[in-house]
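Coordinates as given in input_30.csv (CSV, C-alpha atoms):
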chain,number,residue,atom,x,y,z
A,23,MET,CA,18.0,56.6,49.8
A,24,LYS,CA,21.1,55.5,48.1
A,25,GLU,CA,20.3,51.8,48.4
A,26,ASP,CA,16.8,52.6,47.0
A,27,LEU,CA,18.4,54.2,44.0
A,28,VAL,CA,20.7,51.1,43.4
A,29,VAL,CA,17.8,48.8,43.7
A,30,HIS,CA,15.8,50.9,41.3
A,31,LYS,CA,18.7,51.0,38.8
A,32,ILE,CA,19.1,47.2,38.9
A,33,MET,CA,15.4,46.7,38.4
A,34,LYS,CA,15.4,49.1,35.5
A,35,ASN,CA,18.2,47.1,33.9
A,36,LYS,CA,16.2,43.8,34.4
A,37,SER,CA,12.9,45.3,33.3
A,38,GLY,CA,12.8,43.9,29.7
A,39,PHE,CA,14.6,42.7,26.6
A,40,THR,CA,16.3,45.1,24.3
A,41,LEU,CA,15.2,45.2,20.6
A,42,LEU,CA,18.4,43.5,19.6
A,43,GLU,CA,17.7,40.5,21.9
A,44,VAL,CA,14.2,40.1,20.7
A,45,LEU,CA,15.3,40.3,17.0
A,46,VAL,CA,18.0,37.6,17.6
A,47,VAL,CA,15.5,35.3,19.3
A,48,ILE,CA,12.9,35.8,16.6
A,49,GLY,CA,15.6,35.2,14.0
A,50,ILE,CA,16.7,31.9,15.5
A,51,LEU,CA,13.1,30.7,16.0
A,52,SER,CA,12.2,31.5,12.4
A,53,VAL,CA,15.1,29.6,11.1
A,54,PHE,CA,14.0,26.6,13.1
A,55,LEU,CA,10.4,26.9,12.2
A,56,LEU,CA,11.1,27.4,8.5
A,57,SER,CA,13.3,24.3,8.4
A,58,ALA,CA,10.6,22.3,10.2
A,59,VAL,CA,8.0,23.5,7.8
A,60,THR,CA,10.2,22.7,4.8
A,61,VAL,CA,10.9,19.2,6.2
A,62,SER,CA,7.2,18.6,6.8
A,63,ILE,CA,6.2,19.7,3.3
A,64,VAL,CA,8.9,17.6,1.7
A,65,SER,CA,7.9,14.5,3.7
A,66,ILE,CA,4.2,14.9,2.9
A,67,ARG,CA,5.1,15.3,-0.8
A,68,ASN,CA,7.3,12.2,-0.7
A,69,LEU,CA,4.6,10.2,1.0
A,70,LYS,CA,2.0,11.2,-1.5
A,71,ASN,CA,4.4,10.3,-4.3
A,72,SER,CA,5.1,6.9,-2.9
A,73,GLU,CA,1.3,6.3,-2.5
A,74,ASN,CA,0.8,7.3,-6.1
A,75,LYS,CA,3.7,5.1,-7.3
A,76,ILE,CA,2.2,2.0,-5.5
A,77,LEU,CA,-1.2,2.6,-7.2
A,78,ALA,CA,0.4,3.4,-10.6
A,79,SER,CA,2.5,0.2,-10.6
A,80,ARG,CA,-0.6,-1.8,-9.7
A,81,TYR,CA,-2.6,-0.2,-12.5
A,82,ALA,CA,0.2,-0.8,-15.0
A,83,GLU,CA,0.6,-4.5,-13.9
A,84,GLY,CA,-3.1,-4.9,-14.0
A,85,LEU,CA,-3.3,-3.7,-17.6
A,86,ILE,CA,-0.3,-5.9,-18.7
A,87,GLU,CA,-2.0,-8.9,-17.0
A,88,TRP,CA,-5.3,-8.2,-18.8
A,89,LEU,CA,-3.6,-7.8,-22.2
A,90,ARG,CA,-1.7,-11.0,-21.6
A,91,GLY,CA,-5.0,-12.7,-21.0
A,92,GLU,CA,-6.4,-11.2,-24.2
A,93,LYS,CA,-3.3,-12.5,-26.0
A,94,GLU,CA,-3.7,-16.0,-24.5
A,95,THR,CA,-7.4,-16.1,-25.4
A,96,ASP,CA,-7.1,-15.3,-29.1
A,97,TRP,CA,-3.8,-14.3,-30.7
A,98,SER,CA,-5.4,-13.5,-34.1
A,99,LEU,CA,-7.8,-11.0,-32.5
A,100,PHE,CA,-5.1,-9.5,-30.3
A,101,ILE,CA,-2.8,-8.6,-33.2
A,102,LEU,CA,-5.6,-6.7,-34.8
A,103,LYS,CA,-5.6,-4.3,-31.8
A,104,GLU,CA,-2.4,-2.7,-33.0
A,105,GLY,CA,-2.3,1.0,-32.1
A,106,SER,CA,-2.8,3.1,-29.0
A,107,TRP,CA,-5.6,2.7,-26.4
A,108,CYS,CA,-6.7,4.6,-23.3
A,109,PHE,CA,-7.7,2.2,-20.5
A,110,ASN,CA,-9.5,4.5,-18.0
A,111,ASP,CA,-11.7,1.8,-16.4
A,112,GLU,CA,-10.5,0.0,-13.3
A,113,PRO,CA,-11.1,-3.0,-13.2
A,114,ILE,CA,-10.7,-3.5,-16.9
A,115,THR,CA,-13.6,-5.3,-18.6
A,116,GLN,CA,-13.3,-4.6,-22.3
A,117,TRP,CA,-11.3,-2.8,-24.9
A,118,PRO,CA,-11.9,1.0,-24.6
A,119,GLN,CA,-13.5,3.3,-27.2
A,120,THR,CA,-10.8,5.9,-27.3
A,121,GLY,CA,-7.3,5.7,-28.5
A,122,ILE,CA,-5.5,8.5,-26.6
A,123,CYS,CA,-6.6,9.8,-23.2
A,124,GLY,CA,-7.9,13.3,-23.5
A,125,GLN,CA,-7.5,15.9,-20.8
A,126,GLU,CA,-11.3,15.9,-20.0
A,127,ASP,CA,-11.6,12.1,-19.7
A,128,ALA,CA,-12.6,10.7,-16.4
A,129,ASN,CA,-9.3,9.0,-15.3
A,130,ILE,CA,-8.7,6.2,-12.8
A,131,ASN,CA,-9.4,7.7,-9.3
A,132,ASN,CA,-9.7,11.0,-11.1
A,133,SER,CA,-5.9,11.3,-11.4
A,134,PHE,CA,-4.2,8.4,-13.2
A,135,LYS,CA,-4.0,8.3,-17.0
A,136,ARG,CA,-3.3,4.8,-18.4
A,137,GLU,CA,-2.4,4.5,-22.0
A,138,VAL,CA,-1.0,1.6,-24.0
A,139,VAL,CA,0.6,1.4,-27.4
A,140,ILE,CA,0.6,-2.0,-29.1
A,141,ASP,CA,3.1,-2.5,-31.8
A,142,TYR,CA,4.4,-5.3,-34.0
A,143,ASP,CA,7.9,-6.3,-33.2
A,144,ASP,CA,8.0,-9.4,-35.3
A,145,ILE,CA,5.6,-11.6,-37.1
A,146,SER,CA,4.9,-13.6,-33.9
A,147,ARG,CA,5.9,-10.9,-31.4
A,148,VAL,CA,4.1,-7.8,-30.2
A,149,LEU,CA,5.6,-4.9,-28.2
A,150,VAL,CA,3.3,-3.5,-25.5
A,151,LYS,CA,4.2,-0.1,-24.1
A,152,VAL,CA,2.1,0.9,-21.1
A,153,THR,CA,2.4,4.5,-19.8
A,154,ILE,CA,0.9,5.6,-16.5
A,155,SER,CA,0.9,9.3,-15.8
A,156,TRP,CA,-0.5,11.6,-13.1
A,157,ASN,CA,-0.2,15.1,-11.9
A,158,GLU,CA,1.6,15.9,-8.6
A,159,GLY,CA,1.4,19.5,-7.8
A,160,ASP,CA,2.3,21.2,-11.0
A,161,GLU,CA,4.4,18.5,-12.5
A,162,THR,CA,3.3,15.4,-14.4
A,163,ILE,CA,5.0,12.1,-13.5
A,164,THR,CA,5.1,9.4,-16.1
A,165,ILE,CA,6.0,5.7,-15.6
A,166,PRO,CA,6.6,3.8,-18.8
A,167,ILE,CA,6.5,0.0,-18.7
A,168,SER,CA,7.0,-2.1,-21.7
A,169,THR,CA,6.9,-5.8,-22.3
A,170,LEU,CA,7.0,-8.3,-25.2
A,171,PHE,CA,4.2,-10.8,-25.9
A,172,GLU,CA,5.0,-13.8,-28.1
A,173,GLN,CA,2.5,-15.9,-29.8
A,174,TYR,CA,3.9,-19.1,-28.2
A,175,ASP,CA,5.2,-18.6,-24.7
B,13,MET,CA,7.5,50.9,40.9
B,14,ILE,CA,8.5,47.4,41.6
B,15,LYS,CA,4.9,46.3,41.6
B,16,ASN,CA,4.3,47.7,38.1
B,17,LYS,CA,7.3,45.8,36.7
B,18,SER,CA,6.7,42.5,38.4
B,19,GLY,CA,4.8,40.8,35.5
B,20,PHE,CA,3.2,40.9,32.2
B,21,THR,CA,0.2,43.1,31.6
B,22,LEU,CA,-3.1,41.7,30.6
B,23,LEU,CA,-2.7,42.9,27.0
B,24,GLU,CA,0.7,41.3,26.6
B,25,THR,CA,-0.7,38.0,27.9
B,26,ILE,CA,-3.7,38.1,25.6
B,27,ILE,CA,-1.4,38.8,22.6
B,28,VAL,CA,1.0,35.9,23.5
B,29,ILE,CA,-2.0,33.5,24.0
B,30,GLY,CA,-3.4,34.7,20.7
B,31,ILE,CA,-0.2,33.9,18.8
B,32,ILE,CA,0.2,30.5,20.5
B,33,SER,CA,-3.4,29.5,19.8
B,34,PHE,CA,-2.8,30.5,16.2
B,35,ILE,CA,0.4,28.5,15.7
B,36,LEU,CA,-0.4,25.4,17.7
B,37,PRO,CA,-3.3,24.1,15.5
B,38,ILE,CA,-1.1,24.6,12.4
B,39,ILE,CA,1.7,22.5,13.9
B,40,PHE,CA,-0.7,19.8,15.1
B,41,SER,CA,-2.5,19.7,11.7
B,42,ILE,CA,0.9,19.3,9.9
B,43,VAL,CA,1.9,16.5,12.3
B,44,PHE,CA,-1.5,14.9,11.9
B,45,SER,CA,-1.5,14.9,8.2
B,46,ILE,CA,2.0,13.4,8.0
B,47,THR,CA,1.0,10.6,10.3
B,48,ARG,CA,-2.2,10.0,8.3
B,49,GLN,CA,-0.3,9.9,5.0
B,50,GLN,CA,2.2,7.6,6.5
B,51,ALA,CA,-0.5,5.2,7.7
B,52,LYS,CA,-2.1,5.4,4.2
B,53,VAL,CA,1.1,4.4,2.5
B,54,TYR,CA,1.8,1.7,4.9
B,55,VAL,CA,-1.7,0.2,4.5
B,56,LEU,CA,-1.6,0.5,0.7
B,57,SER,CA,1.8,-1.2,0.5
B,58,THR,CA,0.7,-4.0,2.8
B,59,VAL,CA,-2.4,-4.6,0.6
B,60,LYS,CA,-0.4,-4.6,-2.5
B,61,ARG,CA,2.3,-6.9,-1.1
B,62,GLU,CA,-0.3,-9.4,0.0
B,63,GLY,CA,-2.2,-9.2,-3.3
B,64,ASP,CA,1.0,-9.5,-5.4
B,65,ASN,CA,2.1,-12.5,-3.3
B,66,ALA,CA,-1.3,-14.3,-3.7
B,67,LEU,CA,-1.4,-13.6,-7.4
B,68,SER,CA,2.2,-14.8,-8.1
B,69,VAL,CA,1.8,-17.9,-6.0
B,70,ILE,CA,-1.5,-18.8,-7.9
B,71,GLU,CA,0.0,-18.0,-11.2
B,72,ASN,CA,3.2,-20.0,-10.7
B,73,LEU,CA,1.4,-23.0,-9.3
B,74,VAL,CA,-1.1,-23.1,-12.1
B,75,ARG,CA,1.3,-22.4,-14.9
B,76,ASN,CA,3.9,-24.9,-13.8
B,77,ASN,CA,1.8,-27.8,-12.4
B,78,ALA,CA,-1.8,-27.7,-13.6
B,79,ILE,CA,-2.7,-30.4,-16.1
B,80,ALA,CA,-6.5,-30.4,-16.1
B,81,ILE,CA,-9.4,-29.0,-14.2
B,82,TYR,CA,-12.0,-30.9,-12.2
B,83,SER,CA,-15.1,-29.9,-10.2
B,84,ASP,CA,-14.4,-32.4,-7.4
B,85,ASN,CA,-11.4,-33.4,-5.4
B,86,ALA,CA,-11.8,-37.1,-6.3
B,87,LEU,CA,-10.8,-35.9,-9.8
B,88,SER,CA,-13.7,-37.8,-11.4
B,89,SER,CA,-15.6,-35.1,-13.3
B,90,GLN,CA,-13.3,-33.1,-15.6
B,91,VAL,CA,-14.6,-29.7,-16.6
B,92,CYS,CA,-13.5,-27.2,-19.2
B,93,THR,CA,-13.0,-29.8,-21.9
B,94,THR,CA,-15.3,-28.3,-24.4
B,95,ILE,CA,-17.3,-25.5,-22.7
B,96,SER,CA,-16.4,-22.8,-20.2
B,97,TYR,CA,-16.8,-23.4,-16.5
B,98,ASP,CA,-17.3,-21.0,-13.6
B,99,GLY,CA,-15.7,-22.2,-10.4
B,100,GLY,CA,-17.3,-19.4,-8.3
B,101,SER,CA,-15.2,-18.7,-5.2
B,102,GLY,CA,-13.1,-21.8,-5.8
B,103,SER,CA,-14.7,-24.5,-3.7
B,104,SER,CA,-15.5,-26.6,-6.7
B,105,PHE,CA,-12.5,-25.9,-8.9
B,106,TYR,CA,-9.6,-28.4,-8.6
B,107,PHE,CA,-6.5,-28.7,-10.6
B,108,SER,CA,-4.7,-32.0,-11.2
B,109,ASP,CA,-1.0,-32.2,-11.4
B,110,LYS,CA,1.2,-34.7,-13.3
B,111,ASP,CA,1.3,-37.1,-10.2
B,112,GLY,CA,-2.5,-37.3,-10.0
B,113,ASN,CA,-2.6,-35.0,-6.9
B,114,TRP,CA,-5.0,-32.1,-6.7
B,115,PHE,CA,-4.6,-28.5,-5.6
B,116,ASN,CA,-7.0,-25.6,-5.5
B,117,PHE,CA,-7.5,-22.0,-4.4
B,118,LYS,CA,-10.6,-20.8,-2.6
B,119,THR,CA,-11.8,-18.2,-0.1
B,120,THR,CA,-12.2,-19.3,3.5
B,121,ILE,CA,-13.7,-17.3,6.4
B,122,ASP,CA,-11.4,-16.5,9.2
B,123,THR,CA,-12.7,-14.4,12.1
B,124,GLY,CA,-15.5,-13.1,9.9
B,125,LEU,CA,-13.2,-12.0,7.1
B,126,LEU,CA,-12.4,-13.7,3.8
B,127,LYS,CA,-8.9,-14.8,2.9
B,128,ILE,CA,-7.5,-16.8,0.0
B,129,ALA,CA,-6.2,-20.2,0.9
B,130,SER,CA,-4.4,-22.9,-1.2
B,131,ASP,CA,-5.1,-26.5,-0.4
B,132,SER,CA,-3.7,-29.7,-1.9
B,133,SER,CA,-4.1,-33.4,-1.5
B,134,ILE,CA,-0.5,-33.6,-0.2
B,135,LEU,CA,-1.0,-31.0,2.4
B,136,THR,CA,-2.6,-31.7,5.8
B,137,THR,CA,-3.8,-28.1,6.2
B,138,ALA,CA,-4.4,-25.3,3.7
B,139,ILE,CA,-1.9,-22.6,3.3
B,140,ASP,CA,-3.0,-19.0,3.6
B,141,LEU,CA,-2.1,-16.8,0.7
B,142,THR,CA,-3.4,-13.6,2.4
B,143,SER,CA,-3.7,-12.9,6.0
B,144,VAL,CA,-6.8,-11.6,7.8
B,145,LYS,CA,-4.4,-9.8,10.2
B,146,ASN,CA,-4.1,-6.9,7.7
B,147,THR,CA,-6.2,-7.6,4.7
B,148,GLN,CA,-9.5,-9.0,3.5
B,149,ILE,CA,-10.8,-10.3,0.2
B,150,SER,CA,-14.0,-8.7,-1.0
B,151,SER,CA,-14.5,-10.8,-4.1
B,152,PHE,CA,-12.8,-13.8,-5.5
B,153,ASN,CA,-13.6,-15.7,-8.7
B,154,ILE,CA,-11.9,-18.5,-10.6
B,155,SER,CA,-13.2,-19.7,-13.9
B,156,CYS,CA,-11.9,-21.2,-17.1
B,157,ASP,CA,-12.6,-20.6,-20.8
B,158,GLN,CA,-12.4,-23.2,-23.4
B,159,THR,CA,-12.8,-22.1,-27.0
B,160,SER,CA,-12.4,-25.4,-28.7
B,161,SER,CA,-11.5,-29.0,-27.7
B,162,ILE,CA,-8.1,-28.8,-29.2
B,163,THR,CA,-6.8,-25.7,-27.4
B,164,SER,CA,-5.6,-25.5,-23.9
B,165,PRO,CA,-8.1,-24.1,-21.3
B,166,ILE,CA,-7.5,-20.6,-20.0
B,167,VAL,CA,-7.9,-20.1,-16.3
B,168,SER,CA,-9.1,-16.7,-15.2
B,169,ILE,CA,-8.6,-15.5,-11.7
B,170,GLN,CA,-10.0,-12.3,-10.3
B,171,PHE,CA,-9.9,-11.0,-6.8
B,172,THR,CA,-10.3,-7.7,-5.0
B,173,ILE,CA,-8.2,-7.1,-1.9
B,174,SER,CA,-8.5,-4.3,0.7
B,175,GLN,CA,-7.3,-3.6,4.1
B,176,LYS,CA,-9.0,-5.0,7.2
B,177,GLN,CA,-11.8,-2.5,7.8
B,178,THR,CA,-12.5,-1.2,11.3
B,179,ALA,CA,-15.2,1.1,12.4
B,180,SER,CA,-12.8,4.0,12.2
B,181,THR,CA,-11.8,3.4,8.6
B,182,ARG,CA,-12.7,6.3,6.5
B,183,ILE,CA,-14.1,5.6,3.0
B,184,GLU,CA,-11.5,7.9,1.4
B,185,ASP,CA,-8.7,6.0,3.1
B,186,LEU,CA,-9.9,2.7,1.8
B,187,ALA,CA,-7.1,0.9,-0.1
B,188,SER,CA,-8.6,-1.5,-2.4
B,189,LEU,CA,-6.8,-3.1,-5.4
B,190,ASN,CA,-8.1,-5.3,-8.2
B,191,TYR,CA,-6.2,-8.3,-9.4
B,192,SER,CA,-7.0,-10.4,-12.4
B,193,THR,CA,-5.0,-12.6,-14.7
B,194,LYS,CA,-5.5,-15.3,-17.2
B,195,ILE,CA,-3.3,-18.4,-17.4
B,196,LYS,CA,-3.1,-20.8,-20.2
B,197,LEU,CA,-2.5,-24.4,-19.0
B,198,ARG,CA,0.8,-25.4,-20.7
B,199,SER,CA,0.7,-29.1,-20.1
B,200,TYR,CA,-2.9,-29.7,-20.9
For the file at hand, write its structure as C-alpha cells.
Amino acid sequence: MKEDLVVHKIMKNKSGFTLLEVLVVIGILSVFLLSAVTVSIVSIRNLKNSENKILASRYAEGLIEWLRGEKETDWSLFILKEGSWCFNDEPITQWPQTGICGQEDANINNSFKREVVIDYDDISRVLVKVTISWNEGDETITIPISTLFEQYD
Amino acid sequence: MIKNKSGFTLLETIIVIGIISFILPIIFSIVFSITRQQAKVYVLSTVKREGDNALSVIENLVRNNAIAIYSDNALSSQVCTTISYDGGSGSSFYFSDKDGNWFNFKTTIDTGLLKIASDSSILTTAIDLTSVKNTQISSFNISCDQTSSITSPIVSIQFTISQKQTASTRIEDLASLNYSTKIKLRSY
C-alpha cells in the first residue's frame, strides 16, 4: 500500500508540464521564430532590391547608349531635344511623345520609370541626366545617372 | 491510473498535428521563395555580366581599331561609303584595321544555342564573347549608317541576351536584356 502511494505520487509529479514551463518554452520558441521570420523577410527584400538594381542599371545604361547613338548620328538634331523626356519603351526605338512620366503611364516591366533631362552645359557640350525610379514596398527608390556628351569626342 | 497517464489523448495529438501542418507549409514556402529569388538574381546578374562584357569588347574593338567596313573577308568590296548597309547577324560584315587585317562579330550556333563570337584574320579560332553554358542570344544585328560621303560611318549593334532556357524555365522568371549601341568610326 505504501509503495503504491509513493509510485502514485511520483507519477503524479511526472504527469505533465506546469503552466510556467509551457510559457517559458513558448517564449523561447517565439523569440527564435520571430527572428527567423525577420531574417527571411529582410533577405527576400534585399534580393528583390538587388534584382531591381541590376535591371535599373541596365535600363539606364541602355538609354545613355541610345542617346549617345542619337548624338553621334546628328548633333544638330540632338541639341534640339533639350528638355525632359519619358522613355517607357524597352528596347528604345524612337523619341517618346511625353516629357515627364505620369503615374498612369505603362512603365517598363510595369514598375520602372525612366526619365531623362537634356540640358546645355556649353555650346558644344550637353548634360544628360537619366533618372530611374521604382517602387519597392511603400518606398520609391531613385537612381540618378548623369553624363556629358560633347560634339566631338 | 498509470494507463490513463501513459500518453497523449487523441485530441491532443490532433491539435499538435494541426498546428504542425499549419506551420510547416509556411516555413517551406518562405524557404522556397528565398531560394527562387536567389536563383533569379544569380541568373539576372550572369546575363547582365555576359551582355556587358560582349558589348564593351565590341565597342572597344570597333572604336579603337576599325578603319572601314567590308562585306567580305578578302576586304575587296567596301560598304557603307555612301549608303547604309545592313550586316544582318554579322556573317557578311567585316572591319578592317590599320594593318590591313580584318575582324568581325557574328552569331554562331553552339549546341543548338546562339552565341556571339569575334573572329579575326590574325586569330586561328574565333573568341566567344558570350558562353552557351549560361546564356543564349535571341537576336543579333549589326549594321551601319552613312549619312553623307564626308562623314564617318556609324556602326549600330543590337542584341538581346537571355539565360539558357530549359524546359523548367518559367516565363515570369525569364531574364532577358536588350543591348544596343552606336559607334562612330574614329579613324575612317
Would you mind listing, as a list in words, all residues of chain B that have at least one atom within 6 Å of chain A, where all atoms listed in the file are what counts?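 Therefore, the residues near the partner are Ile46, Val53, Thr193 and Lys194 of chain B.
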Restricting it to C-alpha atoms, dump the selection as a PDB file, in the frame of the given file.
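What follows is the written file result13.pdb:
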ATOM      1  CA  ILE B  46       2.000  13.400   8.000  1.00  0.00           C
ATOM      2  CA  VAL B  53       1.100   4.400   2.500  1.00  0.00           C
ATOM      3  CA  THR B 193      -5.000 -12.600 -14.700  1.00  0.00           C
ATOM      4  CA  LYS B 194      -5.500 -15.300 -17.200  1.00  0.00           C
TER       5      LYS B 194
END
Could you tell me how far atom CA of Leu149 of chain A lies from atom CA of Ser168 of chain A, in Å and to one decimal? 7.2 Å
Please, what distance in Å, to one decimal, runs between atom CA of Val47 of chain A and atom CA of Ile38 of chain B? 20.9 Å
I want to know what sits within 8 Å of segment 156-161 of chain B, based on all atoms listed in the file, with residues of the same chain fewer than 5 positions away left out; could you give that as a list in words?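 Contacts, in chain order: Cys92, Thr93, Thr94, Ile95, Ser96, Tyr97, Asp98, Gly99, Ile166, Val167 and Ser168 of chain B.
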Just want the 7 Å neighbourhood of Ile173 of chain B, counted on only C-alpha atoms, with same-chain residues fewer than 3 positions away dropped. Output as a count of residues only. 9
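Closest approach to Ser199 of chain B from the set B:Ser108, B:Thr178, B:Ser155, B:Ser133 is made by B:Ser108, with distances taken over all atoms listed in the file.
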Contacts of Leu102 of chain A at 12 Å (only C-alpha atoms; same-chain gap of 2+ positions) as a ChimeraX atom specification: /A:92-93,96-100,104-106,140-142,148
